[in-house]
Structures are given as structure tokens and as C-alpha cells.
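Engineer: Before we start, here is the structure in question, set down as C-alpha cells.
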Amino acid sequence: MDEVTFRSDTVLSDVHLYTPNHRHLMVRLNGVGQPEHTMATPLEDVGKQVWRGALLLADYILFRQDLFQGHTVLELGAGTGLASIVAATMARTVYCTDVGADLLAMCQRNVVLNSHLAAAGGGVVKVKELDWLKDDLCTDANVPFSWSEEDISDLYNHTTVLFAAEVFYDDDLTDALFRTLCRLARRLKNACTALLSIEKRLNFTLRHLDVTCEAYDHFRSSLHALEKLADGKLRFVVEPVESSFPQLLVYERIRQLELWKIVAEPTA
């Protein structure tokens, strides 16, 4: 096969992708013969689907390699782990996080299948549990995907980039994500940049008897509140990222797809 492409509507157990440096990337979406990446999933399984926003974010990671090259980075709500695997082609360490034992196990399988990509550049991907509803990281060694003290130290001392794709579908979880971003930014030793992708989806609601985009509106309100937040130590600079950067993956880059950048920096 001369050319392998990755499409947002691809439903396969093995998905192959070629990165710009021509190294071969394979993401297995399931290990038992039935695809976990489907065009429709129940709410509790949304992490098992590759969403367009993840492909947009992966494109930006490949475009802005300077943000990731040799750095320690953290993905929140990683799902299948696609964005983390792409980041691992250039980052030193990628903390690929989510919740749910089955989802994390699937993510770990994907990482193992693509470990040669990270290894080629001397990088590593570590799949970990990170629950936005909890203030502290799980350090219980008996719990799968828990954190060691060494990992926690590395996370707080070296992380410079946080990223999340298509995790803004529930207002309570959106609030929890932004609280987690704030908490991590305050604990990190270095100034950090957060990259958030979202697709503005229109839905008909009985409450309004009209087509609305409530999840997106709540996300934008959360961005505005973050920008206005003043705690005396950090300030958050929020700006949209123009989607004119090169599209290296095959998907429909619709106008409803957005990428936002948040820079957390110490106040003067």
C-alpha cells in the first residue's frame, strides 16, 4: 500500500498513520476483534472514540514541535491516547491520563503498540489515572495506573504543556477540568501552556425548544472566568489558535472545530 491515511470516520481495530518524519504510527482501537472506535457511543464510553478534536490537536502538536521537543507534558482525558502517542514522538515524557480501568487498559495497549515511536527519540509515555473530581493523585500501589512519588515529583518539577481534546460535553466535568487545570498550574514549578480542542455542537433541547450549544457556551464561559481569575500568584492568558496550521491528518476540519491556548504565568 503506497499511502495510508487516517480518517475521522474510520472504524477499524487497527488504524495506521504516517507522521511527517515518515515513522509508522499504529493505534489499535481494540484488542479483541471488535472496534471500540465507533460512530456513536454511550456517554460513559465517549473516551473510546477518536473525535475530530483529537485529530485537530494532534495536527497542532505536529506543527508546534518546539512546544514538545524534549519536554514533559500531560494529557487530560486522553481516551484512546492518540494525542499522547503523537506527542511522544518528540516529548521526553508524556503523562497520558484518564479514569476508568478498562479505558486506561485500552490506552496502555495503544501506547505499547507504538512504543517504538517514543523510544526512537528517547521519550516515554506513562499511562496514569487522574480524576478531575479529586484533589490529589492516587499513590496506592495496589491500584492500577497509580502514581509513584518519583512520577509526581517529575510531573510537578518538569511539566510545561497540558493538553485535552474534546472533553467538554458535560458542564460538571468541564468545571472539574478547569479546576484541575488551575490546581496543576499552581503546583507546577514552571510556567505552562494548556491546549484545549473542542467542537461546537448544536443540539435541540426540550428546555429551550430550540437548537442550542450549551456545552460549548459553558466552555467559553469557563475560559472567560479563568482569564478573569486573580489569585495573586498566577494569571491566565487565553487566546484562540487560528486553524490555518497545516493539516497532516485526514479529517474534515469544519469551522466548528476550535483550538484554544491558555498560558499560565506568574504575576509580576
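Labels used: A, B, ... for chains in the order of the C-alpha cells, numbers from 1 for residues in each chain, and numbers from 1 for ligands as shown.
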Set the distance at 7 Å and use only C-alpha atoms: which residues neighbour Thr97 in chain A once local chain neighbours fewer than 6 positions away are removed? I'd like the list as a list in words.
Structural biologist: Glu75, Leu76, Gly77, Ala78, Val127, Lys128, Glu129 and Leu130 of chain A
Engineer: Per residue of range 75-172 of chain A within 7 Å of range 214-221 of chain A, which atom pair is closest and at what distance in Å (one decimal), using only C-alpha atoms, listed by chain and increasing number, as a tab-separated table?
Structural biologist:
residue	atom	partner	partner_atom	distance
A:Phe168	CA	A:Ala215	CA	6.5
A:Tyr169	CA	A:Ala215	CA	5.5
A:Asp170	CA	A:Ala215	CA	6.3
A:Asp171	CA	A:Ala215	CA	6.3
Engineer: Create the file for the chosen residues now, containing C-alpha atoms and written as a short mmCIF file (atom, residue, chain, number, x, y, z; two decimals), in the first residue's frame.
Structural biologist:
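Printed below is again-v2.cif as written:
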data_model
loop_
_atom_site.label_atom_id
_atom_site.label_comp_id
_atom_site.auth_asym_id
_atom_site.auth_seq_id
_atom_site.Cartn_x
_atom_site.Cartn_y
_atom_site.Cartn_z
CA PHE A 168 -16.20 19.45 27.21
CA TYR A 169 -19.53 17.67 26.83
CA ASP A 170 -20.81 17.85 30.43
CA ASP A 171 -20.90 21.08 32.44
#
Engineer: Mind checking DSSP for range 28-209 of chain A and telling me the helix (DSSP H, G or I) residues as a ChimeraX atom specification?
Structural biologist: /A:43-48,52-63,65-68,82-87,101-113,115-120,149-158,171-187
Engineer: Could you take the residues named above and write them with C-alpha atoms, as a compact mmCIF listing (two decimals), in the first residue's frame?
Structural biologist:
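Writing done, so here's out10.txt:
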# COMPACT_ATOMS: atom_id res chain seq x y z
CA LEU A 43 -21.97 8.82 27.23
CA GLU A 44 -19.91 6.70 29.61
CA ASP A 45 -17.81 5.38 26.70
CA VAL A 46 -17.04 8.61 24.85
CA GLY A 47 -13.35 8.16 25.66
CA LYS A 48 -13.24 5.09 23.40
CA ARG A 52 -12.24 15.18 15.33
CA GLY A 53 -10.94 17.49 18.05
CA ALA A 54 -8.23 14.94 18.90
CA LEU A 55 -7.10 14.95 15.28
CA LEU A 56 -7.04 18.76 15.24
CA LEU A 57 -4.96 18.77 18.42
CA ALA A 58 -2.62 16.11 17.01
CA ASP A 59 -2.12 18.26 13.91
CA TYR A 60 -1.19 21.22 16.09
CA ILE A 61 1.24 19.12 18.14
CA LEU A 62 2.97 18.08 14.93
CA PHE A 63 3.02 21.71 13.78
CA GLN A 65 7.04 20.63 17.78
CA ASP A 66 9.01 23.34 19.57
CA LEU A 67 6.49 23.23 22.43
CA PHE A 68 7.00 19.50 22.92
CA LEU A 82 -3.91 9.25 20.16
CA ALA A 83 -2.74 12.78 21.04
CA SER A 84 -0.33 11.45 23.68
CA ILE A 85 1.17 8.98 21.21
CA VAL A 86 1.72 11.77 18.68
CA ALA A 87 3.25 13.98 21.38
CA ALA A 101 -9.70 0.77 34.43
CA ASP A 102 -10.93 -0.52 31.05
CA LEU A 103 -10.27 2.77 29.27
CA LEU A 104 -6.79 3.10 30.77
CA ALA A 105 -6.01 -0.51 29.87
CA MET A 106 -7.02 0.13 26.26
CA CYS A 107 -4.90 3.27 26.25
CA GLN A 108 -1.94 1.31 27.63
CA ARG A 109 -2.29 -1.23 24.80
CA ASN A 110 -2.20 1.57 22.27
CA VAL A 111 0.91 3.03 23.89
CA VAL A 112 2.68 -0.34 23.93
CA LEU A 113 1.90 -0.92 20.26
CA SER A 115 6.33 2.37 21.99
CA HIS A 116 8.93 2.24 19.21
CA LEU A 117 7.99 5.80 18.23
CA ALA A 118 8.72 7.26 21.65
CA ALA A 119 11.79 5.06 22.08
CA ALA A 120 13.30 6.31 18.83
CA GLU A 149 6.37 9.57 44.28
CA GLU A 150 9.06 9.78 41.59
CA ASP A 151 6.44 10.36 38.90
CA ILE A 152 4.69 13.03 40.93
CA SER A 153 7.96 14.83 41.51
CA ASP A 154 8.77 14.69 37.82
CA LEU A 155 5.28 15.90 36.89
CA TYR A 156 5.41 18.98 39.12
CA ASN A 157 9.06 19.83 38.51
CA HIS A 158 9.23 19.46 34.74
CA ASP A 171 -20.90 21.08 32.44
CA ASP A 172 -19.89 19.44 35.73
CA LEU A 173 -16.90 17.74 34.10
CA THR A 174 -15.96 20.97 32.34
CA ASP A 175 -15.94 22.73 35.71
CA ALA A 176 -13.83 19.91 37.14
CA LEU A 177 -11.38 20.12 34.24
CA PHE A 178 -10.85 23.84 34.75
CA ARG A 179 -10.39 23.36 38.50
CA THR A 180 -7.81 20.68 37.71
CA LEU A 181 -6.00 23.00 35.30
CA CYS A 182 -5.83 25.72 37.94
CA ARG A 183 -4.66 23.31 40.62
CA LEU A 184 -1.95 21.83 38.42
CA ALA A 185 -0.78 25.24 37.20
CA ARG A 186 -0.29 26.36 40.81
CA ARG A 187 1.69 23.23 41.67
Engineer: How far is it from CA of Val124 in chain A to CA of Ala165 in chain A, in Å with one decimal?
Structural biologist: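 CA of Ala165 in chain A lies 20.4 Å from CA of Val124 in chain A.
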Engineer: Just want the 10 Å neighbourhood of range 228-232 of chain A, counted on only C-alpha atoms, with same-chain residues fewer than 6 positions away dropped. Output as a compact mmCIF listing (two decimals) with N, CA, C and O atoms, in the first residue's frame.
Structural biologist:
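Generated output (part-v2.txt):
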# COMPACT_ATOMS: atom_id res chain seq x y z
N CYS A 182 -6.30 24.70 36.99
CA CYS A 182 -5.83 25.72 37.94
C CYS A 182 -4.96 25.10 39.02
O CYS A 182 -3.91 25.63 39.38
N ARG A 186 -0.84 25.82 39.56
CA ARG A 186 -0.29 26.36 40.81
C ARG A 186 0.80 25.46 41.38
O ARG A 186 1.69 25.94 42.08
N SER A 222 -16.32 29.35 30.92
CA SER A 222 -15.24 28.90 31.80
C SER A 222 -13.92 29.52 31.41
O SER A 222 -13.11 29.90 32.27
N VAL A 238 -5.64 33.81 27.80
CA VAL A 238 -6.43 32.93 26.95
C VAL A 238 -6.53 33.50 25.55
O VAL A 238 -6.82 34.69 25.38
N PRO A 266 3.45 33.48 36.13
CA PRO A 266 3.45 34.21 37.41
C PRO A 266 3.08 35.68 37.20
O PRO A 266 3.44 36.29 36.19
N THR A 267 2.36 36.24 38.15
CA THR A 267 2.05 37.65 38.09
C THR A 267 3.31 38.46 38.40
O THR A 267 4.19 38.01 39.13
N ALA A 268 3.39 39.63 37.83
CA ALA A 268 4.59 40.45 38.01
C ALA A 268 4.69 40.93 39.45
O ALA A 268 3.71 41.13 40.13
Engineer: Which one of A:Ala191, A:Ala88, A:Leu162, A:Cys138 sits closest to Leu234 in chain A if you count only C-alpha atoms?
Structural biologist: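 Smallest separation from Leu234 in chain A among the options: A:Ala191.
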Engineer: Run DSSP on the backbone and tell me which residues of range 117-260 of chain A come out as strand (DSSP E); list them as a PDB file with C-alpha atoms, in the first residue's frame.
Structural biologist:
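Output contents, as saved in result_33.pdb:
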ATOM      1  CA  VAL A 124       8.406   7.594  27.251  1.00  0.00           C
ATOM      2  CA  VAL A 125       4.626   7.535  27.693  1.00  0.00           C
ATOM      3  CA  LYS A 126       3.242   6.811  31.161  1.00  0.00           C
ATOM      4  CA  VAL A 127      -0.451   5.968  31.419  1.00  0.00           C
ATOM      5  CA  LYS A 128      -1.835   7.192  34.734  1.00  0.00           C
ATOM      6  CA  GLU A 129      -5.140   7.711  36.485  1.00  0.00           C
ATOM      7  CA  THR A 159       5.816  19.694  33.038  1.00  0.00           C
ATOM      8  CA  THR A 160       5.454  22.640  30.665  1.00  0.00           C
ATOM      9  CA  VAL A 161       2.468  21.676  28.476  1.00  0.00           C
ATOM     10  CA  LEU A 162      -1.017  20.402  29.338  1.00  0.00           C
ATOM     11  CA  PHE A 163      -3.488  19.376  26.652  1.00  0.00           C
ATOM     12  CA  ALA A 164      -7.006  17.981  26.318  1.00  0.00           C
ATOM     13  CA  ALA A 165      -9.212  17.164  23.336  1.00  0.00           C
ATOM     14  CA  CYS A 192       2.896  26.189  31.459  1.00  0.00           C
ATOM     15  CA  THR A 193       0.802  26.260  28.320  1.00  0.00           C
ATOM     16  CA  ALA A 194      -2.531  24.452  28.021  1.00  0.00           C
ATOM     17  CA  LEU A 195      -4.045  23.470  24.671  1.00  0.00           C
ATOM     18  CA  LEU A 196      -7.749  22.654  24.540  1.00  0.00           C
ATOM     19  CA  SER A 197      -9.688  21.494  21.500  1.00  0.00           C
ATOM     20  CA  ILE A 198     -13.460  21.477  21.181  1.00  0.00           C
ATOM     21  CA  GLU A 199     -16.110  21.033  18.520  1.00  0.00           C
ATOM     22  CA  ASN A 203     -28.315  20.218  19.919  1.00  0.00           C
ATOM     23  CA  PHE A 204     -32.078  20.563  20.136  1.00  0.00           C
ATOM     24  CA  THR A 205     -33.173  20.895  23.770  1.00  0.00           C
ATOM     25  CA  ASP A 210     -34.644  25.335  20.121  1.00  0.00           C
ATOM     26  CA  VAL A 211     -31.219  24.391  18.797  1.00  0.00           C
ATOM     27  CA  THR A 212     -28.510  25.438  21.258  1.00  0.00           C
ATOM     28  CA  LEU A 234      -0.750  33.341  38.549  1.00  0.00           C
ATOM     29  CA  ARG A 235      -2.509  34.939  35.657  1.00  0.00           C
ATOM     30  CA  PHE A 236      -4.055  33.056  32.771  1.00  0.00           C
ATOM     31  CA  VAL A 237      -3.804  34.446  29.253  1.00  0.00           C
ATOM     32  CA  VAL A 238      -6.430  32.926  26.952  1.00  0.00           C
ATOM     33  CA  GLU A 239      -6.442  33.146  23.181  1.00  0.00           C
ATOM     34  CA  PRO A 240      -7.865  31.200  20.235  1.00  0.00           C
ATOM     35  CA  VAL A 241      -5.483  29.419  17.905  1.00  0.00           C
ATOM     36  CA  LEU A 257     -13.600  22.851  15.395  1.00  0.00           C
ATOM     37  CA  GLU A 258     -11.685  25.179  17.680  1.00  0.00           C
ATOM     38  CA  LEU A 259      -8.363  25.144  19.482  1.00  0.00           C
ATOM     39  CA  TRP A 260      -7.647  27.391  22.467  1.00  0.00           C
TER      40      TRP A 260
END
Engineer: Between CA of Ser243 in chain A and CA of Val50 in chain A, what distance in Å does the model show, to one decimal?
Structural biologist: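 Separating CA of Ser243 in chain A from CA of Val50 in chain A is a distance of 19.2 Å.
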